[in-house]
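Asks: Got a structure for you, upload-v8.json, holding JSON, C-alpha atoms.
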```json
[["chain", "number", "residue", "atom", "x", "y", "z"],
["A", 1, "LEU", "CA", 0.00, 0.00, 0.00],
["A", 2, "GLY", "CA", 1.13, 3.52, -0.74],
["A", 3, "TYR", "CA", 0.60, 6.79, 1.10],
["A", 4, "GLY", "CA", -2.75, 7.15, 2.88],
["A", 5, "GLY", "CA", -3.66, 3.48, 2.46],
["A", 6, "LYS", "CA", -4.04, 3.82, -1.33],
["A", 7, "LYS", "CA", -2.78, 1.12, -3.65],
["A", 8, "SER", "CA", 0.65, 2.15, -4.98],
["A", 9, "ASP", "CA", 0.73, 3.29, -8.59],
["A", 10, "THR", "CA", 2.75, 1.17, -10.96],
["A", 11, "TYR", "CA", 4.82, 2.61, -13.77],
["A", 12, "PRO", "CA", 6.68, 1.06, -16.70],
["A", 13, "ALA", "CA", 10.30, 0.18, -15.99],
["A", 14, "GLY", "CA", 12.68, 3.08, -16.59],
["A", 15, "THR", "CA", 10.04, 5.77, -16.08],
["A", 16, "THR", "CA", 11.67, 9.01, -14.92],
["A", 17, "PRO", "CA", 10.33, 10.90, -11.90],
["A", 18, "GLY", "CA", 8.94, 13.62, -14.21],
["A", 19, "GLU", "CA", 7.15, 11.05, -16.35],
["A", 20, "LYS", "CA", 5.73, 9.45, -13.21],
["A", 21, "ASP", "CA", 4.33, 12.83, -12.17],
["A", 22, "THR", "CA", 2.73, 13.28, -15.59],
["A", 23, "ILE", "CA", 1.24, 9.77, -15.59],
["A", 24, "THR", "CA", -0.11, 10.31, -12.08],
["A", 25, "ALA", "CA", -1.62, 13.68, -13.09],
["A", 26, "ILE", "CA", -3.28, 12.08, -16.14],
["A", 27, "ARG", "CA", -4.76, 9.34, -13.94],
["A", 28, "GLU", "CA", -6.06, 11.83, -11.38],
["A", 29, "LEU", "CA", -7.50, 14.21, -13.97],
["A", 30, "SER", "CA", -9.17, 11.29, -15.74],
["A", 31, "GLN", "CA", -10.85, 10.37, -12.44],
["A", 32, "ALA", "CA", -11.84, 14.02, -11.89],
["A", 33, "ILE", "CA", -13.49, 14.10, -15.32],
["A", 34, "MET", "CA", -15.55, 11.03, -14.43],
["A", 35, "ALA", "CA", -16.70, 12.79, -11.26],
["A", 36, "ASN", "CA", -17.41, 16.10, -13.01],
["A", 37, "PRO", "CA", -17.66, 15.71, -16.81],
["A", 38, "ASP", "CA", -18.76, 19.33, -17.36],
["A", 39, "THR", "CA", -15.49, 20.91, -16.21],
["A", 40, "VAL", "CA", -13.80, 22.08, -19.41],
["A", 41, "GLU", "CA", -10.62, 23.19, -17.67],
["A", 42, "ILE", "CA", -9.90, 19.63, -16.53],
["A", 43, "TYR", "CA", -10.22, 18.42, -20.12],
["A", 44, "LEU", "CA", -7.86, 21.17, -21.28],
["A", 45, "ALA", "CA", -5.29, 20.25, -18.64],
["A", 46, "LEU", "CA", -5.59, 16.58, -19.50],
["A", 47, "GLY", "CA", -5.10, 17.34, -23.20],
["A", 48, "ASN", "CA", -1.99, 19.37, -22.38],
["A", 49, "LEU", "CA", -0.56, 16.47, -20.40],
["A", 50, "TYR", "CA", -1.19, 14.06, -23.25],
["A", 51, "ARG", "CA", 0.47, 16.50, -25.67],
["A", 52, "SER", "CA", 3.48, 16.86, -23.35],
["A", 53, "ARG", "CA", 3.89, 13.07, -23.40],
["A", 54, "GLY", "CA", 3.74, 13.04, -27.20],
["A", 55, "ASP", "CA", 0.26, 11.49, -27.36],
["A", 56, "VAL", "CA", -1.03, 14.21, -29.66],
["A", 57, "GLU", "CA", -3.81, 12.04, -31.08],
["A", 58, "ARG", "CA", -5.41, 11.76, -27.64],
["A", 59, "ALA", "CA", -4.97, 15.48, -27.02],
["A", 60, "VAL", "CA", -6.71, 16.25, -30.33],
["A", 61, "GLN", "CA", -9.57, 13.87, -29.47],
["A", 62, "ILE", "CA", -10.12, 15.65, -26.17],
["A", 63, "ARG", "CA", -10.21, 19.11, -27.84],
["A", 64, "GLN", "CA", -12.55, 17.91, -30.58],
["A", 65, "SER", "CA", -14.92, 16.38, -28.01],
["A", 66, "LEU", "CA", -15.12, 19.80, -26.34],
["A", 67, "LEU", "CA", -15.75, 21.70, -29.58],
["A", 68, "VAL", "CA", -19.02, 19.86, -30.18],
["A", 69, "ARG", "CA", -20.51, 21.16, -26.94],
["A", 70, "PRO", "CA", -23.02, 23.84, -27.96],
["A", 71, "GLU", "CA", -23.21, 25.54, -24.56],
["A", 72, "LEU", "CA", -19.58, 26.62, -24.28],
["A", 73, "PRO", "CA", -18.88, 30.37, -24.15],
["A", 74, "GLN", "CA", -16.85, 32.01, -26.90],
["A", 75, "HIS", "CA", -13.73, 32.55, -24.77],
["A", 76, "LEU", "CA", -13.52, 28.82, -23.96],
["A", 77, "LEU", "CA", -14.05, 27.87, -27.60],
["A", 78, "GLY", "CA", -11.18, 30.23, -28.46],
["A", 79, "ARG", "CA", -8.92, 28.61, -25.87],
["A", 80, "ILE", "CA", -9.84, 25.12, -27.09],
["A", 81, "ASN", "CA", -9.03, 26.06, -30.69],
["A", 82, "PHE", "CA", -5.74, 27.59, -29.54],
["A", 83, "GLU", "CA", -4.78, 24.36, -27.75],
["A", 84, "LEU", "CA", -5.92, 22.35, -30.77],
["A", 85, "GLY", "CA", -3.61, 24.46, -32.93],
["A", 86, "GLN", "CA", -0.73, 23.57, -30.62],
["A", 87, "ASP", "CA", -1.65, 19.90, -30.86],
["A", 88, "TYR", "CA", -1.71, 20.00, -34.65],
["A", 89, "ARG", "CA", 1.56, 21.94, -34.78],
["A", 90, "ARG", "CA", 3.21, 19.33, -32.56],
["A", 91, "ALA", "CA", 1.87, 16.62, -34.90],
["A", 92, "GLY", "CA", 3.26, 18.46, -37.94],
["A", 93, "LEU", "CA", -0.19, 19.17, -39.39],
["A", 94, "MET", "CA", 0.53, 22.78, -40.33],
["A", 95, "ASP", "CA", -2.64, 23.48, -42.36],
["A", 96, "ARG", "CA", -4.86, 22.24, -39.54],
["A", 97, "ALA", "CA", -2.84, 24.20, -36.99],
["A", 98, "LEU", "CA", -3.24, 27.38, -39.04],
["A", 99, "THR", "CA", -7.00, 26.81, -39.30],
["A", 100, "ALA", "CA", -7.30, 26.26, -35.54],
["A", 101, "TYR", "CA", -5.23, 29.38, -34.74],
["A", 102, "THR", "CA", -7.29, 31.46, -37.15],
["A", 103, "GLU", "CA", -10.48, 30.29, -35.45],
["A", 104, "ALA", "CA", -8.98, 30.96, -32.01],
["A", 105, "GLU", "CA", -8.17, 34.52, -33.01],
["A", 106, "ARG", "CA", -11.67, 35.00, -34.42],
["A", 107, "LEU", "CA", -13.04, 33.83, -31.06],
["A", 108, "GLY", "CA", -11.01, 36.38, -29.11],
["A", 109, "VAL", "CA", -7.67, 34.82, -28.19],
["A", 110, "PRO", "CA", -5.25, 37.78, -28.04],
["A", 111, "ALA", "CA", -3.42, 38.46, -31.31],
["A", 112, "LYS", "CA", -0.04, 38.41, -29.53],
["A", 113, "GLU", "CA", -0.59, 34.82, -28.37],
["A", 114, "ILE", "CA", -1.67, 33.80, -31.86],
["A", 115, "SER", "CA", 1.33, 35.56, -33.45],
["A", 116, "ALA", "CA", 3.73, 33.73, -31.13],
["A", 117, "GLU", "CA", 2.25, 30.40, -32.21],
["A", 118, "LEU", "CA", 2.17, 31.37, -35.88],
["A", 119, "ALA", "CA", 5.81, 32.48, -35.71],
["A", 120, "ALA", "CA", 6.80, 29.05, -34.42],
["A", 121, "LEU", "CA", 4.50, 27.37, -36.96],
["A", 122, "TYR", "CA", 6.00, 29.19, -39.94],
["A", 123, "ALA", "CA", 9.54, 28.79, -38.63],
["A", 124, "SER", "CA", 9.12, 25.03, -38.29],
["A", 125, "GLY", "CA", 7.69, 24.91, -41.81],
["A", 126, "GLY", "CA", 10.61, 26.85, -43.31],
["A", 127, "ASN", "CA", 8.60, 29.95, -44.22],
["A", 128, "TRP", "CA", 11.19, 32.42, -42.92],
["A", 129, "GLU", "CA", 9.43, 35.53, -44.24],
["A", 130, "LYS", "CA", 6.15, 34.73, -42.48],
["A", 131, "ALA", "CA", 8.02, 33.74, -39.33],
["A", 132, "CYS", "CA", 9.75, 37.15, -39.39],
["A", 133, "GLU", "CA", 6.40, 38.94, -39.75],
["A", 134, "HIS", "CA", 5.05, 37.23, -36.65],
["A", 135, "TYR", "CA", 8.20, 37.63, -34.59],
["A", 136, "TYR", "CA", 8.02, 41.33, -35.48],
["A", 137, "ALA", "CA", 4.39, 41.40, -34.30],
["A", 138, "ILE", "CA", 5.36, 40.07, -30.87],
["A", 139, "GLY", "CA", 8.48, 42.21, -30.60],
["A", 140, "ASN", "CA", 11.04, 39.41, -30.62],
["A", 141, "GLU", "CA", 13.83, 41.16, -32.52],
["A", 142, "ALA", "CA", 16.43, 38.42, -31.95],
["A", 143, "ALA", "CA", 14.20, 35.75, -33.48],
["A", 144, "GLU", "CA", 13.15, 38.08, -36.29],
["A", 145, "ALA", "CA", 16.80, 38.73, -37.19],
["A", 146, "HIS", "CA", 17.63, 35.02, -36.93],
["A", 147, "PHE", "CA", 14.99, 34.10, -39.49],
["A", 148, "MET", "CA", 16.01, 36.97, -41.76],
["A", 149, "VAL", "CA", 19.49, 35.46, -41.80],
["A", 150, "ARG", "CA", 17.96, 32.05, -42.58],
["A", 151, "GLN", "CA", 16.00, 33.66, -45.41],
["A", 152, "GLY", "CA", 19.12, 35.34, -46.84],
["A", 153, "ALA", "CA", 21.18, 32.16, -46.57],
["A", 154, "GLU", "CA", 18.47, 30.23, -48.38],
["A", 155, "MET", "CA", 18.43, 32.83, -51.17],
["A", 156, "ILE", "CA", 22.16, 32.33, -51.71],
["A", 157, "GLN", "CA", 21.90, 28.57, -51.46],
["A", 158, "ASN", "CA", 19.17, 28.51, -54.13],
["A", 159, "ASP", "CA", 21.04, 30.82, -56.51],
["A", 160, "ARG", "CA", 24.41, 32.55, -56.09],
["A", 161, "GLN", "CA", 22.99, 35.42, -58.16],
["A", 162, "ASN", "CA", 20.91, 36.36, -55.11],
["A", 163, "VAL", "CA", 23.92, 37.54, -53.05],
["A", 164, "LYS", "CA", 22.98, 41.23, -53.36],
["A", 165, "LYS", "CA", 19.39, 40.53, -52.27],
["A", 166, "ALA", "CA", 20.64, 38.39, -49.42],
["A", 167, "MET", "CA", 23.05, 41.10, -48.29],
["A", 168, "ARG", "CA", 20.09, 43.53, -48.08],
["A", 169, "VAL", "CA", 18.28, 40.97, -45.91],
["A", 170, "PHE", "CA", 21.38, 40.58, -43.68],
["A", 171, "ASN", "CA", 21.60, 44.39, -43.37],
["A", 172, "LYS", "CA", 17.93, 44.55, -42.44],
["A", 173, "ALA", "CA", 18.52, 41.86, -39.81],
["A", 174, "LEU", "CA", 21.27, 44.03, -38.30],
["A", 175, "LYS", "CA", 18.95, 47.05, -38.23],
["A", 176, "VAL", "CA", 16.33, 44.95, -36.44],
["A", 177, "TYR", "CA", 18.83, 43.43, -34.01],
["A", 178, "PRO", "CA", 22.33, 44.95, -34.13],
["A", 179, "ALA", "CA", 23.73, 42.27, -31.80],
["A", 180, "SER", "CA", 22.92, 39.45, -34.25],
["A", 181, "VAL", "CA", 26.13, 37.46, -34.46],
["A", 182, "GLU", "CA", 24.55, 35.39, -37.24],
["A", 183, "ALA", "CA", 23.89, 38.43, -39.39],
["A", 184, "TRP", "CA", 27.40, 39.77, -38.86],
["A", 185, "ALA", "CA", 28.90, 36.36, -39.67],
["A", 186, "ALA", "CA", 26.76, 36.03, -42.81],
["A", 187, "MET", "CA", 27.83, 39.48, -44.04],
["A", 188, "ILE", "CA", 31.52, 38.85, -43.29],
["A", 189, "THR", "CA", 31.35, 35.49, -45.05],
["A", 190, "GLN", "CA", 29.86, 37.04, -48.18],
["A", 191, "TYR", "CA", 32.47, 39.83, -48.19],
["A", 192, "ALA", "CA", 35.23, 37.23, -47.82],
["A", 193, "LEU", "CA", 33.80, 35.13, -50.67],
["A", 194, "ALA", "CA", 33.56, 38.19, -52.91],
["A", 195, "ASP", "CA", 37.33, 38.83, -52.73]]
```
Go through the file and emit its structure as structure tokens.
Replies:
Amino acid sequence: LGYGGKKSDTYPAGTTPGEKDTITAIRELSQAIMANPDTVEIYLALGNLYRSRGDVERAVQIRQSLLVRPELPQHLLGRINFELGQDYRRAGLMDRALTAYTEAERLGVPAKEISAELAALYASGGNWEKACEHYYAIGNEAAEAHFMVRQGAEMIQNDRQNVKKAMRVFNKALKVYPASVEAWAAMITQYALAD
């Protein structure tokens, strides 16, 4: 018997203490849902735990089961769509993630939160220009400059004739974030290669 006379929880061999905490939280939240199935916040927390363990399919199922409830207020529907966007992004389903984030924004989730997610979404998909737009929107100059450098480097990689365009992008990155070591290194490299 464990603490308080309860049966001790069992875990797969090699489970880390952090994983044990997550598994225990999932078990307890699942029991709480059975006791009070109307509590949306418990479902959201449970979905987040599943997502943190990499079980994105279960997290998505939980969010989708909430979205069919007609009585939910707009702010909760927005939060559910936001979480669903994170689930889809984690699963690599970029189109679905974008749709969920767009719906979350329409339902009132603050634009700054949406922009942060969209920045990460576009960055993971290799759309450096869109990532830059969203990092600009949230005021993350270091990340904006980083993805400008990625954009410029890709221009050069695709066609050496794009060096002048890329240099303008590197210059812009330095204006956005003068401490960008990447931008300085990219510029120096191109100057060295030009000699």
Asks: Just give me the gap between CA of Arg53 (chain A) and CA of Thr39 (chain A) in Å, one decimal is fine.
Replies: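 Separating CA of Arg53 (chain A) from CA of Thr39 (chain A) is a distance of 22.1 Å.
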Asks: One decimal, Å: what's the distance from CA of Val56 (chain A) over to CA of Leu77 (chain A), could you say?
Replies: 19.0 Å
Asks: Quote the spacing between CA of Arg58 (chain A) and CA of Thr16 (chain A) in Å to one decimal place.
Replies: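 For CA of Arg58 (chain A) relative to CA of Thr16 (chain A), the distance reads 21.5 Å.
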Asks: May I have the residues within 12 Å of region 141-151 of chain A as a PyMOL selection string, using all atoms listed in the file and disregarding those fewer than 3 positions away in the same chain?
Replies: chain A and resi 116+119-120+122-138+154-158+162-163+165-187
Asks: Return as JSON the box centre and box size in Å, one decimal, for an axis-aligned box around all listed atoms of region 95-99 of chain A padded by 3 Å per side.
Replies:
```
{"center_x": -4.8, "center_y": 24.8, "center_z": -39.7, "size_x": 10.4, "size_y": 11.1, "size_z": 11.4}
```
Asks: Just the residues within 12 Å of region 98-111 of chain A, please, counting only C-alpha atoms, with nothing from its chain fewer than 2 positions along; format it as a short mmCIF file (atom, residue, chain, number, x, y, z; two decimals) with C-alpha atoms, in the coordinates of the input.
Replies:
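As written to disk, selection-v7.cif reads:
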```
data_model
loop_
_atom_site.label_atom_id
_atom_site.label_comp_id
_atom_site.auth_asym_id
_atom_site.auth_seq_id
_atom_site.Cartn_x
_atom_site.Cartn_y
_atom_site.Cartn_z
CA VAL A 60 -6.71 16.25 -30.33
CA ARG A 63 -10.21 19.11 -27.84
CA GLN A 64 -12.55 17.91 -30.58
CA LEU A 67 -15.75 21.70 -29.58
CA LEU A 72 -19.58 26.62 -24.28
CA PRO A 73 -18.88 30.37 -24.15
CA GLN A 74 -16.85 32.01 -26.90
CA HIS A 75 -13.73 32.55 -24.77
CA LEU A 76 -13.52 28.82 -23.96
CA LEU A 77 -14.05 27.87 -27.60
CA GLY A 78 -11.18 30.23 -28.46
CA ARG A 79 -8.92 28.61 -25.87
CA ILE A 80 -9.84 25.12 -27.09
CA ASN A 81 -9.03 26.06 -30.69
CA PHE A 82 -5.74 27.59 -29.54
CA GLU A 83 -4.78 24.36 -27.75
CA LEU A 84 -5.92 22.35 -30.77
CA GLY A 85 -3.61 24.46 -32.93
CA GLN A 86 -0.73 23.57 -30.62
CA ASP A 87 -1.65 19.90 -30.86
CA TYR A 88 -1.71 20.00 -34.65
CA ARG A 89 1.56 21.94 -34.78
CA GLY A 92 3.26 18.46 -37.94
CA LEU A 93 -0.19 19.17 -39.39
CA MET A 94 0.53 22.78 -40.33
CA ASP A 95 -2.64 23.48 -42.36
CA ARG A 96 -4.86 22.24 -39.54
CA GLU A 113 -0.59 34.82 -28.37
CA ILE A 114 -1.67 33.80 -31.86
CA SER A 115 1.33 35.56 -33.45
CA ALA A 116 3.73 33.73 -31.13
CA GLU A 117 2.25 30.40 -32.21
CA LEU A 118 2.17 31.37 -35.88
CA ALA A 119 5.81 32.48 -35.71
CA ALA A 120 6.80 29.05 -34.42
CA LEU A 121 4.50 27.37 -36.96
CA TYR A 122 6.00 29.19 -39.94
CA GLY A 125 7.69 24.91 -41.81
CA HIS A 134 5.05 37.23 -36.65
CA ALA A 137 4.39 41.40 -34.30
CA ILE A 138 5.36 40.07 -30.87
#
```
